[in-house]
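query_14.cif (mmCIF, C-alpha atoms) appears below.
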```cif
data_start
#
loop_
_atom_site.group_PDB
_atom_site.id
_atom_site.type_symbol
_atom_site.label_atom_id
_atom_site.label_comp_id
_atom_site.auth_asym_id
_atom_site.auth_seq_id
_atom_site.Cartn_x
_atom_site.Cartn_y
_atom_site.Cartn_z
ATOM 1 C CA MET A 2 0.000 0.000 0.000
ATOM 2 C CA PRO A 3 2.733 2.625 0.663
ATOM 3 C CA ARG A 4 4.243 2.177 -2.827
ATOM 4 C CA PRO A 5 1.060 3.072 -4.801
ATOM 5 C CA ARG A 6 0.710 6.276 -2.819
ATOM 6 C CA VAL A 7 4.264 7.244 -3.648
ATOM 7 C CA ARG A 8 3.673 6.560 -7.332
ATOM 8 C CA VAL A 9 0.588 8.733 -7.446
ATOM 9 C CA LEU A 10 2.432 11.534 -5.733
ATOM 10 C CA LEU A 11 5.248 11.316 -8.264
ATOM 11 C CA VAL A 12 2.811 11.521 -11.175
ATOM 12 C CA SER A 13 1.238 14.593 -9.686
ATOM 13 C CA VAL A 14 4.571 16.303 -9.381
ATOM 14 C CA VAL A 15 5.400 15.555 -12.998
ATOM 15 C CA LEU A 16 2.116 17.029 -14.212
ATOM 16 C CA VAL A 17 2.671 20.194 -12.259
ATOM 17 C CA GLY A 18 6.121 20.474 -13.713
ATOM 18 C CA VAL A 19 4.792 20.074 -17.244
ATOM 19 C CA ALA A 20 2.136 22.682 -16.675
ATOM 20 C CA GLY A 21 4.745 25.037 -15.298
ATOM 21 C CA CYS A 22 6.953 24.505 -18.327
ATOM 22 C CA SER A 23 4.038 25.070 -20.647
ATOM 23 C CA GLY A 24 3.335 28.355 -18.969
ATOM 24 C CA ALA A 25 6.964 29.330 -19.321
ATOM 25 C CA TYR A 26 6.903 28.569 -23.043
ATOM 26 C CA LEU A 27 3.794 30.667 -23.524
ATOM 27 C CA GLU A 28 5.392 33.627 -21.810
ATOM 28 C CA MET A 29 8.393 33.295 -24.121
ATOM 29 C CA GLY A 30 6.140 33.445 -27.149
ATOM 30 C CA GLN A 31 6.508 29.726 -28.122
ATOM 31 C CA GLU A 32 3.674 27.878 -29.836
ATOM 32 C CA ARG A 33 1.821 24.952 -28.291
ATOM 33 C CA ASP A 34 0.070 22.112 -30.032
ATOM 34 C CA THR A 35 -2.671 21.835 -27.417
ATOM 35 C CA PRO A 36 -4.684 25.019 -26.706
ATOM 36 C CA SER A 37 -5.210 26.125 -23.142
ATOM 37 C CA ALA A 38 -8.647 26.240 -21.558
ATOM 38 C CA GLY A 39 -8.748 30.015 -22.060
ATOM 39 C CA SER A 40 -7.995 29.801 -25.767
ATOM 40 C CA THR A 41 -10.518 27.002 -26.228
ATOM 41 C CA ALA A 42 -13.191 29.139 -24.599
ATOM 42 C CA GLY A 43 -12.271 32.032 -26.880
ATOM 43 C CA LYS A 44 -12.662 29.864 -29.972
ATOM 44 C CA SER A 45 -16.042 28.536 -28.857
ATOM 45 C CA SER A 46 -17.504 31.991 -28.176
ATOM 46 C CA ALA A 47 -20.089 33.358 -30.613
ATOM 47 C CA PRO A 48 -18.736 35.545 -33.451
ATOM 48 C CA ALA A 49 -19.292 39.304 -33.300
ATOM 49 C CA PRO A 50 -22.523 40.358 -34.993
ATOM 50 C CA SER A 51 -22.087 41.588 -38.548
ATOM 51 C CA ALA A 52 -22.647 45.223 -39.395
ATOM 52 C CA VAL A 53 -26.141 46.284 -40.354
ATOM 53 C CA PRO A 54 -26.306 46.406 -44.167
ATOM 54 C CA ALA A 55 -26.783 49.818 -45.691
ATOM 55 C CA LEU A 56 -30.167 50.770 -47.035
ATOM 56 C CA THR A 57 -30.571 50.112 -50.716
ATOM 57 C CA PRO A 58 -31.374 53.121 -52.939
ATOM 58 C CA ALA A 59 -34.973 51.900 -53.195
ATOM 59 C CA GLN A 60 -35.306 51.608 -49.411
ATOM 60 C CA ALA A 61 -33.812 55.047 -48.879
ATOM 61 C CA GLN A 62 -36.177 56.498 -51.469
ATOM 62 C CA ALA A 63 -39.132 54.944 -49.655
ATOM 63 C CA ALA A 64 -37.979 56.628 -46.427
ATOM 64 C CA LEU A 65 -38.244 60.181 -47.833
ATOM 65 C CA VAL A 66 -40.997 62.596 -46.819
ATOM 66 C CA THR A 67 -43.456 63.850 -49.426
ATOM 67 C CA PRO A 68 -45.466 67.053 -50.004
ATOM 68 C CA ALA A 69 -48.535 65.210 -48.712
ATOM 69 C CA ASP A 70 -46.769 64.624 -45.379
ATOM 70 C CA LEU A 71 -46.209 68.356 -44.895
ATOM 71 C CA GLY A 72 -49.695 69.476 -45.920
ATOM 72 C CA GLY A 73 -50.420 73.053 -46.974
ATOM 73 C CA ASN A 74 -49.162 74.175 -50.361
ATOM 74 C CA TRP A 75 -45.944 72.155 -50.515
ATOM 75 C CA GLY A 76 -44.765 70.680 -53.793
ATOM 76 C CA PRO A 77 -41.652 69.540 -55.665
ATOM 77 C CA THR A 78 -38.963 72.189 -55.672
ATOM 78 C CA ARG A 79 -38.600 74.544 -58.632
ATOM 79 C CA GLY A 80 -34.863 74.934 -58.080
ATOM 80 C CA ALA A 81 -32.400 76.328 -55.572
ATOM 81 C CA ALA A 82 -33.689 79.344 -53.623
ATOM 82 C CA VAL A 83 -32.095 82.681 -54.521
ATOM 83 C CA TRP A 84 -30.990 83.202 -50.923
ATOM 84 C CA ARG A 85 -28.702 80.178 -51.038
ATOM 85 C CA ASP A 86 -26.081 81.875 -53.230
ATOM 86 C CA ALA A 87 -26.759 85.381 -51.964
ATOM 87 C CA LEU A 88 -26.527 84.702 -48.220
ATOM 88 C CA LEU A 89 -25.059 81.284 -47.472
ATOM 89 C CA LYS A 90 -22.077 81.632 -49.788
ATOM 90 C CA ALA A 91 -20.198 83.612 -47.169
ATOM 91 C CA GLY A 92 -16.933 83.755 -45.265
ATOM 92 C CA THR A 93 -16.032 84.143 -41.605
ATOM 93 C CA ALA A 94 -12.890 83.826 -39.491
ATOM 94 C CA ASP A 95 -13.885 81.039 -37.104
ATOM 95 C CA ARG A 96 -13.284 77.532 -38.431
ATOM 96 C CA ASP A 97 -16.401 75.906 -36.937
ATOM 97 C CA CYS A 98 -18.633 78.782 -38.006
ATOM 98 C CA GLN A 99 -17.205 78.617 -41.536
ATOM 99 C CA ARG A 100 -17.871 74.896 -41.635
ATOM 100 C CA LEU A 101 -21.482 75.555 -40.639
ATOM 101 C CA LEU A 102 -21.921 78.071 -43.454
ATOM 102 C CA ASP A 103 -20.331 75.664 -45.913
ATOM 103 C CA VAL A 104 -22.569 72.714 -45.048
ATOM 104 C CA LEU A 105 -25.656 74.941 -45.115
ATOM 105 C CA TYR A 106 -24.709 76.275 -48.532
ATOM 106 C CA ALA A 107 -23.912 72.853 -49.995
ATOM 107 C CA ASP A 108 -26.712 71.194 -47.991
ATOM 108 C CA GLU A 109 -24.290 68.454 -46.974
ATOM 109 C CA VAL A 110 -24.313 68.387 -43.188
ATOM 110 C CA LEU A 111 -24.078 64.574 -43.343
ATOM 111 C CA GLY A 112 -21.608 64.547 -46.203
ATOM 112 C CA PRO A 113 -21.888 64.604 -49.976
ATOM 113 C CA ASP A 114 -23.053 61.005 -50.471
ATOM 114 C CA ALA A 115 -26.774 61.079 -49.756
ATOM 115 C CA ARG A 116 -28.530 57.754 -50.277
ATOM 116 C CA ALA A 117 -31.704 59.592 -51.344
ATOM 117 C CA LEU A 118 -32.909 63.196 -51.187
ATOM 118 C CA VAL A 119 -35.861 65.379 -52.054
ATOM 119 C CA GLY A 120 -36.359 69.143 -52.346
ATOM 120 C CA LEU A 121 -39.749 70.678 -51.562
ATOM 121 C CA ASP A 122 -41.068 74.248 -51.839
ATOM 122 C CA ASP A 123 -43.854 75.946 -49.903
ATOM 123 C CA PHE A 124 -45.509 78.098 -52.549
ATOM 124 C CA ASP A 125 -47.275 80.218 -49.911
ATOM 125 C CA THR A 126 -44.231 81.305 -47.884
ATOM 126 C CA GLU A 127 -41.499 80.601 -50.467
ATOM 127 C CA ALA A 128 -39.773 78.405 -47.932
ATOM 128 C CA GLN A 129 -37.589 75.589 -49.195
ATOM 129 C CA LEU A 130 -37.151 72.273 -47.414
ATOM 130 C CA ARG A 131 -34.589 69.638 -48.295
ATOM 131 C CA TYR A 132 -34.658 66.146 -46.807
ATOM 132 C CA GLN A 133 -31.991 63.508 -47.300
ATOM 133 C CA VAL A 134 -31.231 60.007 -46.071
ATOM 134 C CA THR A 135 -27.509 59.537 -45.598
ATOM 135 C CA ALA A 136 -25.109 56.794 -46.593
ATOM 136 C CA ALA A 137 -22.619 57.949 -43.934
ATOM 137 C CA PRO A 138 -21.393 55.430 -41.316
ATOM 138 C CA ARG A 139 -22.920 55.661 -37.858
ATOM 139 C CA ALA A 140 -19.649 56.857 -36.310
ATOM 140 C CA ASP A 141 -19.553 59.793 -38.731
ATOM 141 C CA VAL A 142 -23.163 60.670 -37.940
ATOM 142 C CA ASP A 143 -22.435 60.633 -34.203
ATOM 143 C CA ARG A 144 -19.450 62.945 -34.705
ATOM 144 C CA THR A 145 -21.643 65.325 -36.707
ATOM 145 C CA LEU A 146 -24.284 65.337 -33.975
ATOM 146 C CA ALA A 147 -21.656 66.139 -31.350
ATOM 147 C CA TRP A 148 -20.327 68.981 -33.496
ATOM 148 C CA LEU A 149 -23.813 70.429 -34.031
ATOM 149 C CA ARG A 150 -24.411 70.403 -30.272
ATOM 150 C CA SER A 151 -21.333 72.555 -29.768
ATOM 151 C CA LEU A 152 -22.350 75.300 -32.198
ATOM 152 C CA PRO A 153 -24.872 77.245 -30.050
ATOM 153 C CA GLN A 154 -21.882 77.975 -27.780
ATOM 154 C CA LYS A 155 -19.044 78.188 -30.320
ATOM 155 C CA CYS A 156 -20.971 80.162 -32.931
ATOM 156 C CA ALA A 157 -23.727 81.810 -30.914
ATOM 157 C CA ARG A 158 -23.160 85.110 -32.735
ATOM 158 C CA PHE A 159 -20.716 85.968 -35.513
ATOM 159 C CA THR A 160 -20.483 88.008 -38.701
ATOM 160 C CA ALA A 161 -20.158 86.611 -42.215
ATOM 161 C CA THR A 162 -19.209 88.492 -45.359
ATOM 162 C CA THR A 163 -21.051 87.782 -48.601
ATOM 163 C CA MET A 164 -20.265 88.899 -52.145
ATOM 164 C CA ARG A 165 -23.808 89.999 -52.970
ATOM 165 C CA ALA A 166 -25.570 90.906 -49.727
ATOM 166 C CA GLY A 167 -22.971 92.607 -47.554
ATOM 167 C CA VAL A 168 -22.076 91.626 -44.015
ATOM 168 C CA GLN A 169 -24.535 89.310 -42.273
ATOM 169 C CA ASN A 170 -25.054 89.059 -38.530
ATOM 170 C CA VAL A 171 -25.467 85.363 -37.804
ATOM 171 C CA GLN A 172 -27.103 83.842 -34.743
ATOM 172 C CA VAL A 173 -27.103 80.113 -33.934
ATOM 173 C CA LEU A 174 -29.554 78.703 -31.392
ATOM 174 C CA ASP A 175 -30.357 75.239 -30.133
ATOM 175 C CA TYR A 176 -33.637 74.076 -31.675
ATOM 176 C CA SER A 177 -35.661 71.491 -29.757
ATOM 177 C CA LEU A 178 -36.790 68.476 -31.767
ATOM 178 C CA PRO A 179 -39.433 65.840 -30.993
ATOM 179 C CA PRO A 180 -38.049 62.868 -29.001
ATOM 180 C CA VAL A 181 -37.756 60.529 -31.996
ATOM 181 C CA GLY A 182 -35.027 58.176 -33.162
ATOM 182 C CA ASP A 183 -32.005 57.276 -31.071
ATOM 183 C CA ASP A 184 -30.189 60.604 -31.246
ATOM 184 C CA ARG A 185 -30.969 64.023 -32.678
ATOM 185 C CA GLN A 186 -29.917 67.659 -32.792
ATOM 186 C CA GLY A 187 -31.570 70.758 -34.188
ATOM 187 C CA LEU A 188 -30.326 74.284 -34.842
ATOM 188 C CA ARG A 189 -32.079 77.543 -35.666
ATOM 189 C CA VAL A 190 -29.784 79.765 -37.751
ATOM 190 C CA SER A 191 -30.671 83.327 -38.682
ATOM 191 C CA LEU A 192 -28.779 85.740 -40.932
ATOM 192 C CA THR A 193 -29.645 89.434 -40.701
ATOM 193 C CA GLY A 194 -28.272 91.757 -43.361
ATOM 194 C CA PRO A 195 -27.785 95.529 -43.516
ATOM 195 C CA VAL A 196 -30.786 97.824 -43.691
ATOM 196 C CA SER A 197 -31.776 98.553 -47.274
ATOM 197 C CA GLU A 198 -31.880 102.213 -48.322
ATOM 198 C CA ASP A 199 -34.875 101.463 -50.542
ATOM 199 C CA THR A 200 -37.069 99.640 -48.042
ATOM 200 C CA GLY A 201 -35.622 100.747 -44.723
ATOM 201 C CA GLU A 202 -35.653 97.103 -43.649
ATOM 202 C CA ALA A 203 -33.045 94.408 -43.270
ATOM 203 C CA THR A 204 -33.280 91.030 -44.948
ATOM 204 C CA VAL A 205 -33.573 88.134 -42.499
ATOM 205 C CA LEU A 206 -33.028 84.524 -43.497
ATOM 206 C CA THR A 207 -34.234 81.957 -40.967
ATOM 207 C CA LEU A 208 -33.141 78.374 -41.400
ATOM 208 C CA ASP A 209 -33.846 75.235 -39.382
ATOM 209 C CA LEU A 210 -31.357 72.381 -39.489
ATOM 210 C CA ALA A 211 -32.037 68.947 -38.002
ATOM 211 C CA VAL A 212 -30.154 65.649 -37.961
ATOM 212 C CA VAL A 213 -31.758 62.477 -36.605
ATOM 213 C CA ARG A 214 -30.202 59.049 -36.197
ATOM 214 C CA VAL A 215 -32.459 55.976 -36.169
ATOM 215 C CA GLY A 216 -30.350 52.938 -35.333
ATOM 216 C CA ASP A 217 -27.549 52.835 -37.898
ATOM 217 C CA ASP A 218 -29.432 55.076 -40.333
ATOM 218 C CA ALA A 219 -29.835 58.846 -40.309
ATOM 219 C CA PHE A 220 -31.411 61.739 -42.146
ATOM 220 C CA ALA A 221 -31.044 65.508 -42.290
ATOM 221 C CA VAL A 222 -33.638 68.249 -42.780
ATOM 222 C CA SER A 223 -33.018 71.872 -43.711
ATOM 223 C CA ASN A 224 -35.876 74.351 -43.982
ATOM 224 C CA GLY A 225 -35.261 78.017 -44.783
ATOM 225 C CA SER A 226 -37.147 81.137 -45.780
ATOM 226 C CA LEU A 227 -36.724 84.901 -46.103
ATOM 227 C CA GLY A 228 -40.299 85.327 -44.942
ATOM 228 C CA ASN A 229 -42.296 83.503 -42.310
ATOM 229 C CA LEU A 230 -40.625 80.139 -41.784
ATOM 230 C CA PRO A 231 -43.167 77.293 -41.488
ATOM 231 C CA THR A 232 -41.516 75.603 -38.510
ATOM 232 C CA ASP A 233 -44.319 73.059 -38.322
ATOM 233 C CA ALA A 234 -42.946 71.611 -41.560
ATOM 234 C CA THR A 235 -39.556 71.044 -39.911
ATOM 235 C CA LEU A 236 -41.111 69.233 -36.962
ATOM 236 C CA THR A 237 -43.409 67.184 -39.192
ATOM 237 C CA ALA A 238 -40.529 66.135 -41.412
ATOM 238 C CA VAL A 239 -38.567 65.028 -38.346
ATOM 239 C CA GLN A 240 -41.465 63.052 -36.848
ATOM 240 C CA VAL A 241 -42.689 61.453 -40.059
ATOM 241 C CA GLY A 242 -39.178 60.857 -41.331
ATOM 242 C CA ALA A 243 -38.024 59.033 -38.196
ATOM 243 C CA GLN A 244 -41.044 56.734 -38.229
ATOM 244 C CA ARG A 245 -40.755 56.079 -41.954
ATOM 245 C CA LEU A 246 -37.052 55.263 -41.709
ATOM 246 C CA ALA A 247 -37.704 52.849 -38.828
ATOM 247 C CA ASP A 248 -40.536 51.197 -40.793
ATOM 248 C CA VAL A 249 -38.384 50.766 -43.890
ATOM 249 C CA ARG A 250 -35.601 49.145 -41.867
ATOM 250 C CA ARG A 251 -38.111 46.896 -40.076
ATOM 251 C CA GLN A 252 -39.627 45.744 -43.355
ATOM 252 C CA ALA A 253 -36.161 45.019 -44.721
ATOM 253 C CA ARG A 254 -35.444 42.714 -41.766
ATOM 254 C CA VAL A 255 -38.724 40.845 -42.308
ATOM 255 C CA LEU A 256 -37.876 40.208 -45.965
ATOM 256 C CA VAL A 257 -34.417 38.795 -45.200
#
```

Target encoding structure tokens, full file:
Amino acid sequence: MPRPRVRVLLVSVVLVGVAGCSGAYLEMGQERDTPSAGSTAGKSSAPAPSAVPALTPAQAQAALVTPADLGGNWGPTRGAAVWRDALLKAGTADRDCQRLLDVLYADEVLGPDARALVGLDDFDTEAQLRYQVTAAPRADVDRTLAWLRSLPQKCARFTATTMRAGVQNVQVLDYSLPPVGDDRQGLRVSLTGPVSEDTGEATVLTLDLAVVRVGDDAFAVSNGSLGNLPTDATLTAVQVGAQRLADVRRQARVLV
């Protein structure tokens, strides 16, 4: 009986020694034929979920708002508003404020690669609304939202020089949006020009800008006018657009 106990003890010591050597080889960067328990667990874990596929052009088109959604006397746009070149094509010293003017002028707050877009005009107020579904990655959209949130502080008030309408006094305010989507930010931007000698009045452009992210998808709305801005159209576009984008994505998942 004493000899079997000694033999078992010796085997145990050998196993410990082997394990210790194996650990030493791993620390020295040597390969092993047999994976450790940790590496086996890593290999058996579920793979990371794949990225959500981008909306197809047809799906993005189906997510756009329409004149019927906005009501009133809205219809397909007749072309770029005259105030776009006259007032938004402007220069200023601050980098962030210049970037804001540039994206408003180009209507590319979410980048130049829109998946689908539509331009609509209000023939009563001469307002112009543009709505676009982006192809930008989610990380880029989140960076844009963070930048927009900073502008009511960074660019609360500044001056911008235009070629055709003189110096404009620009004001940037936070604009509250309906609690839709997963993240959102709105701005109210106004440009006030010099007083005209003919009319004794200053031109005032008021423009709403909104970006909404719904899951991995996002859209942008801009709505501007030299007269009375129909802000209800901005809010309707945001509400309807968020629901429509979510519905399109949901239908796409059902069809897969």

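Those residues returned by the PyMOL selection byres ((chain A and resi 105) around 9) for this file are A:Arg85, A:Leu89, A:Lys90, A:Arg100, A:Leu101, A:Leu102, A:Asp103, A:Val104, A:Tyr106, A:Ala107, A:Asp108, A:Glu109, A:Val110, A:Leu210, A:Ser223.
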
| field | Output of the PyMOL selection byres ((chain A and resi 162) around 10), listed as a ChimeraX atom specification | value | /A:88-94,160-161,163-170,194

Could I get the residues of range 132-187 of chain A with an atom no further than 8 Å from an atom of range 60-68 of chain A, each paired with its nearest atom pair and that distance in Å to one decimal, using all atoms listed in the file, sorted by chain and residue number, as CSV?
```
residue,atom,partner,partner_atom,distance
A:Tyr132,CA,A:Leu65,CA,7.0
A:Gln133,CA,A:Leu65,CA,7.1
A:Val134,CA,A:Ala61,CA,6.3
```

Would you write out those residues with C-alpha atoms, as a PDB file, in the frame of the given file?
```pdb
ATOM      1  CA  TYR A 132     -34.658  66.146 -46.807  1.00  0.00           C
ATOM      2  CA  GLN A 133     -31.991  63.508 -47.300  1.00  0.00           C
ATOM      3  CA  VAL A 134     -31.231  60.007 -46.071  1.00  0.00           C
TER       4      VAL A 134
END
```

| request: Apply the PyMOL selection byres ((chain A and resi 77-81) around 6) to the file shown and report the selected residues as a list of chain:residue names. | output: A:Gly76, A:Ala82, A:Gly120, A:Leu121, A:Asp122

| task | Just give me the residues with any atom within 10 Å of (-32.6, 74.9, -39.6), file coordinates, counting all atoms listed in the file, written as JSON, numbers by chain. | result | {"A": [105, 130, 173, 174, 175, 176, 187, 188, 189, 190, 191, 207, 208, 209, 210, 211, 212, 221, 222, 223, 224, 225, 226, 230, 232, 235]}

| Which of A:Arg158, A:Arg144, A:Arg131, A:Arg150 sits closest to Cys98 in chain A [using only C-alpha atoms] | A:Arg158

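Comparing the minimum interatomic distances between Val241 in chain A and each of A:Leu227, A:Val181, A:Leu118, A:Val196, counting all atoms listed in the file, we find that A:Val181 sits nearest.
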